[in-house]
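Please read the structure below before turning to the comments.
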Amino acid sequence: MLETIRNIDREIFVYLNSHHTEFWDPIMVLVSERFFWVPAYLALTIYLIYTFGRRGYMKLLMAVLAVGAADFISSRFFKPGFARLRPCHDPELSEVINIVSGCGGKFGFISSHAATTFALATFMVLVLPPRYLWFKIILITWAAVISYSRVYLGVHYPGDILAGALLGITMAWLFEKLYQKILQRYAYFRR
């Protein structure tokens, strides 16, 4: 059964990875680059603090903790624990796939990019008021595009992405619960 799942994951990966163009290659490299998003993170930070005051600081802290936990767990536990080669390091695949810009570390299960972006996006979806629906849609789309870019670039299987997204969503949910408990307990952050 596990072998069947791996084979399906490989087939989907090869199919998705084969659809690339010279136009999209540099765009996907940029989308996947963590430092490219620093201005957006700064803008989000300023907006949260300006709009929500003390609650904004707490939202920001919990978001950072959710992202940090997702990154730590994916990098320190899953990748070395499962030791699944990235597709670009797999000798059976490395000759037939498109590796656009380097390969990264040896192991790929689970995707830290998917875990961290879905942790941030999901946490914001959970803590922002309903009137921010348009922004919530943008955040989930952003996380999905970054996650897809990892398959496009040849460094993760779709299963790596799915598992990373699930980890990120789980961390977001846990830290949102902690955020709500802090708001209930400390009136200071409700202002």
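Identifiers in this document derive from the order of the structure tokens: chains are assigned A, B, ..., residues are numbered from 1 separately in each chain, and ligands are numbered from 1 in order of occurrence.
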Quiz item: Contacts of region 173-189 of chain A at 7 Å or less, counting only C-alpha atoms, minus same-chain residues fewer than 2 places along, as a ChimeraX atom specification?
Solution: /A:54-55,62,66,123,126-127,169-171,191
Write the selection just made, keeping N, CA, C and O atoms, as an mmCIF file, in the first residue's frame?
```cif
data_model
loop_
_atom_site.group_PDB
_atom_site.id
_atom_site.type_symbol
_atom_site.label_atom_id
_atom_site.label_comp_id
_atom_site.auth_asym_id
_atom_site.auth_seq_id
_atom_site.Cartn_x
_atom_site.Cartn_y
_atom_site.Cartn_z
ATOM 1 N N ARG A 54 -2.862 46.139 20.911
ATOM 2 C CA ARG A 54 -2.272 45.091 21.758
ATOM 3 C C ARG A 54 -2.594 43.695 21.228
ATOM 4 O O ARG A 54 -1.765 42.796 21.290
ATOM 5 N N ARG A 55 -3.820 43.522 20.742
ATOM 6 C CA ARG A 55 -4.176 42.235 20.138
ATOM 7 C C ARG A 55 -3.319 41.966 18.910
ATOM 8 O O ARG A 55 -3.002 40.818 18.614
ATOM 9 N N MET A 62 1.887 35.011 18.214
ATOM 10 C CA MET A 62 1.361 33.657 18.010
ATOM 11 C C MET A 62 1.609 33.175 16.578
ATOM 12 O O MET A 62 1.900 31.999 16.360
ATOM 13 N N ALA A 66 3.703 29.881 15.632
ATOM 14 C CA ALA A 66 3.134 28.830 14.783
ATOM 15 C C ALA A 66 4.067 28.514 13.623
ATOM 16 O O ALA A 66 4.331 27.342 13.318
ATOM 17 N N PHE A 123 -3.254 30.638 10.332
ATOM 18 C CA PHE A 123 -3.394 31.382 11.587
ATOM 19 C C PHE A 123 -4.111 32.702 11.337
ATOM 20 O O PHE A 123 -5.027 33.072 12.072
ATOM 21 N N LEU A 126 -7.758 32.263 10.778
ATOM 22 C CA LEU A 126 -8.482 31.963 12.016
ATOM 23 C C LEU A 126 -8.666 33.174 12.930
ATOM 24 O O LEU A 126 -9.675 33.268 13.630
ATOM 25 N N VAL A 127 -7.708 34.097 12.944
ATOM 26 C CA VAL A 127 -7.786 35.201 13.921
ATOM 27 C C VAL A 127 -8.317 36.513 13.348
ATOM 28 O O VAL A 127 -8.680 37.396 14.119
ATOM 29 N N ILE A 169 -1.193 23.798 9.066
ATOM 30 C CA ILE A 169 -2.577 24.035 9.493
ATOM 31 C C ILE A 169 -2.756 23.610 10.951
ATOM 32 O O ILE A 169 -3.405 24.312 11.742
ATOM 33 N N THR A 170 -2.162 22.482 11.313
ATOM 34 C CA THR A 170 -2.258 22.001 12.696
ATOM 35 C C THR A 170 -1.597 22.979 13.668
ATOM 36 O O THR A 170 -2.164 23.305 14.725
ATOM 37 N N MET A 171 -0.413 23.462 13.321
ATOM 38 C CA MET A 171 0.276 24.420 14.196
ATOM 39 C C MET A 171 -0.527 25.713 14.307
ATOM 40 O O MET A 171 -0.646 26.290 15.389
ATOM 41 N N ARG A 191 -7.877 44.968 24.473
ATOM 42 C CA ARG A 191 -8.075 46.376 24.121
ATOM 43 C C ARG A 191 -7.483 46.689 22.771
ATOM 44 O O ARG A 191 -6.587 46.095 22.296
#
```
Show which residues sit within 12 Å of Phe135 (chain A), as a PDB file with N, CA, C and O atoms, in the first residue's frame. Count only C-alpha atoms, and ignore same-chain residues fewer than 4 positions away.
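As a result, result.pdb now contains:
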```pdb
ATOM      1  N   LEU A  44       2.592  43.287   6.823  1.00  0.00           N
ATOM      2  CA  LEU A  44       1.610  42.589   7.654  1.00  0.00           C
ATOM      3  C   LEU A  44       1.824  42.930   9.129  1.00  0.00           C
ATOM      4  O   LEU A  44       0.866  43.181   9.865  1.00  0.00           O
ATOM      5  N   ALA A 121      -0.638  31.522   6.935  1.00  0.00           N
ATOM      6  CA  ALA A 121      -1.910  31.825   6.261  1.00  0.00           C
ATOM      7  C   ALA A 121      -3.098  31.338   7.088  1.00  0.00           C
ATOM      8  O   ALA A 121      -4.072  32.080   7.290  1.00  0.00           O
ATOM      9  N   THR A 122      -3.026  30.123   7.582  1.00  0.00           N
ATOM     10  CA  THR A 122      -4.144  29.566   8.343  1.00  0.00           C
ATOM     11  C   THR A 122      -4.349  30.301   9.663  1.00  0.00           C
ATOM     12  O   THR A 122      -5.482  30.578  10.060  1.00  0.00           O
ATOM     13  N   MET A 124      -3.713  33.415  10.299  1.00  0.00           N
ATOM     14  CA  MET A 124      -4.363  34.693   9.993  1.00  0.00           C
ATOM     15  C   MET A 124      -5.829  34.492   9.610  1.00  0.00           C
ATOM     16  O   MET A 124      -6.693  35.289  10.004  1.00  0.00           O
ATOM     17  N   VAL A 125      -6.125  33.438   8.883  1.00  0.00           N
ATOM     18  CA  VAL A 125      -7.516  33.138   8.534  1.00  0.00           C
ATOM     19  C   VAL A 125      -8.340  32.932   9.811  1.00  0.00           C
ATOM     20  O   VAL A 125      -9.470  33.398   9.914  1.00  0.00           O
ATOM     21  N   LEU A 126      -7.758  32.263  10.778  1.00  0.00           N
ATOM     22  CA  LEU A 126      -8.482  31.963  12.016  1.00  0.00           C
ATOM     23  C   LEU A 126      -8.666  33.174  12.930  1.00  0.00           C
ATOM     24  O   LEU A 126      -9.675  33.268  13.630  1.00  0.00           O
ATOM     25  N   LEU A 128      -8.337  36.640  12.046  1.00  0.00           N
ATOM     26  CA  LEU A 128      -8.861  37.888  11.482  1.00  0.00           C
ATOM     27  C   LEU A 128     -10.383  37.843  11.427  1.00  0.00           C
ATOM     28  O   LEU A 128     -10.972  36.790  11.203  1.00  0.00           O
ATOM     29  N   PRO A 129     -11.026  38.985  11.621  1.00  0.00           N
ATOM     30  CA  PRO A 129     -12.493  39.041  11.579  1.00  0.00           C
ATOM     31  C   PRO A 129     -13.033  38.638  10.194  1.00  0.00           C
ATOM     32  O   PRO A 129     -12.323  38.710   9.190  1.00  0.00           O
ATOM     33  N   PRO A 130     -14.309  38.228  10.144  1.00  0.00           N
ATOM     34  CA  PRO A 130     -14.923  37.791   8.883  1.00  0.00           C
ATOM     35  C   PRO A 130     -14.860  38.823   7.752  1.00  0.00           C
ATOM     36  O   PRO A 130     -14.825  38.456   6.577  1.00  0.00           O
ATOM     37  N   ARG A 131     -14.816  40.107   8.089  1.00  0.00           N
ATOM     38  CA  ARG A 131     -14.791  41.134   7.040  1.00  0.00           C
ATOM     39  C   ARG A 131     -13.510  41.091   6.198  1.00  0.00           C
ATOM     40  O   ARG A 131     -13.411  41.755   5.185  1.00  0.00           O
ATOM     41  N   LEU A 139      -4.290  35.053   1.240  1.00  0.00           N
ATOM     42  CA  LEU A 139      -3.313  34.329   2.046  1.00  0.00           C
ATOM     43  C   LEU A 139      -3.266  32.836   1.703  1.00  0.00           C
ATOM     44  O   LEU A 139      -2.184  32.257   1.556  1.00  0.00           O
ATOM     45  N   ILE A 140      -4.415  32.210   1.576  1.00  0.00           N
ATOM     46  CA  ILE A 140      -4.440  30.775   1.244  1.00  0.00           C
ATOM     47  C   ILE A 140      -3.906  30.550  -0.169  1.00  0.00           C
ATOM     48  O   ILE A 140      -3.155  29.603  -0.420  1.00  0.00           O
ATOM     49  N   THR A 141      -4.249  31.441  -1.092  1.00  0.00           N
ATOM     50  CA  THR A 141      -3.721  31.340  -2.457  1.00  0.00           C
ATOM     51  C   THR A 141      -2.208  31.503  -2.449  1.00  0.00           C
ATOM     52  O   THR A 141      -1.486  30.756  -3.131  1.00  0.00           O
ATOM     53  N   TRP A 142      -1.714  32.463  -1.678  1.00  0.00           N
ATOM     54  CA  TRP A 142      -0.271  32.693  -1.546  1.00  0.00           C
ATOM     55  C   TRP A 142       0.435  31.434  -1.056  1.00  0.00           C
ATOM     56  O   TRP A 142       1.444  31.002  -1.621  1.00  0.00           O
TER      57      TRP A 142
END
```
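CA of Ser74 (chain A) lies 23.7 Å from CA of Thr4 (chain A).
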Quiz prompt | In region 68-148 of chain A, DSSP helix (DSSP H, G or I) residues written as an MDAnalysis selection string | solution = chainID A and resid 68:82 87:89 112:127 130:148
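Among the candidates A:His156, A:Lys59, A:Glu22, A:Leu65, the one nearest to Lys106 (chain A) when counting only C-alpha atoms is A:His156.
Residues lying within 9 Å of region 24-30 of chain A, counting only C-alpha atoms and ignoring same-chain neighbours fewer than 2 positions away, are His20, Thr21, Glu22, Ser32, Glu33, Arg34, Phe36, Val100, Ser101, Val145, Ile146, Tyr148, Ser149, Arg150, Tyr152 and Leu153 of chain A.
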Could the residues in this selection be written to a file with C-alpha atoms, as an mmCIF file, in the first residue's frame?
```
data_model
loop_
_atom_site.group_PDB
_atom_site.id
_atom_site.type_symbol
_atom_site.label_atom_id
_atom_site.label_comp_id
_atom_site.auth_asym_id
_atom_site.auth_seq_id
_atom_site.Cartn_x
_atom_site.Cartn_y
_atom_site.Cartn_z
ATOM 1 C CA HIS A 20 7.369 24.392 -17.162
ATOM 2 C CA THR A 21 8.377 27.257 -19.425
ATOM 3 C CA GLU A 22 11.226 29.698 -19.623
ATOM 4 C CA SER A 32 9.991 30.236 -3.619
ATOM 5 C CA GLU A 33 12.677 32.571 -2.251
ATOM 6 C CA ARG A 34 11.960 33.315 1.417
ATOM 7 C CA PHE A 36 11.523 37.922 -1.449
ATOM 8 C CA VAL A 100 15.264 24.902 -12.215
ATOM 9 C CA SER A 101 17.513 26.332 -9.509
ATOM 10 C CA VAL A 145 1.341 29.052 -4.942
ATOM 11 C CA ILE A 146 4.518 28.926 -2.859
ATOM 12 C CA TYR A 148 3.264 24.476 -5.820
ATOM 13 C CA SER A 149 6.485 26.293 -6.725
ATOM 14 C CA ARG A 150 8.411 23.637 -4.789
ATOM 15 C CA TYR A 152 7.606 23.076 -10.146
ATOM 16 C CA LEU A 153 11.248 23.621 -9.145
#
```
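Pairwise distance (CA of Tyr57 (chain A), CA of Leu167 (chain A)) equals 23.8 Å.
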Practice problem: Might you pull out every residue within 12 Å of region 77-88 of chain A, with only C-alpha atoms counted and same-chain residues fewer than 4 positions away left off, and present them as an MDAnalysis selection string? | Solution: chainID A and resid 6 9:14 17 69:73 92:112 115 150:161 163:164 167
Quiz item: Suppose you want the space between CA of Asp90 (chain A) and CA of Leu166 (chain A); what is it in Å?
Solution: 24.3 Å
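Using only C-alpha atoms, the smallest distance between any of A:Ile137, A:Ile5, A:Tyr15, A:Thr45 and Met58 (chain A) comes from A:Thr45.
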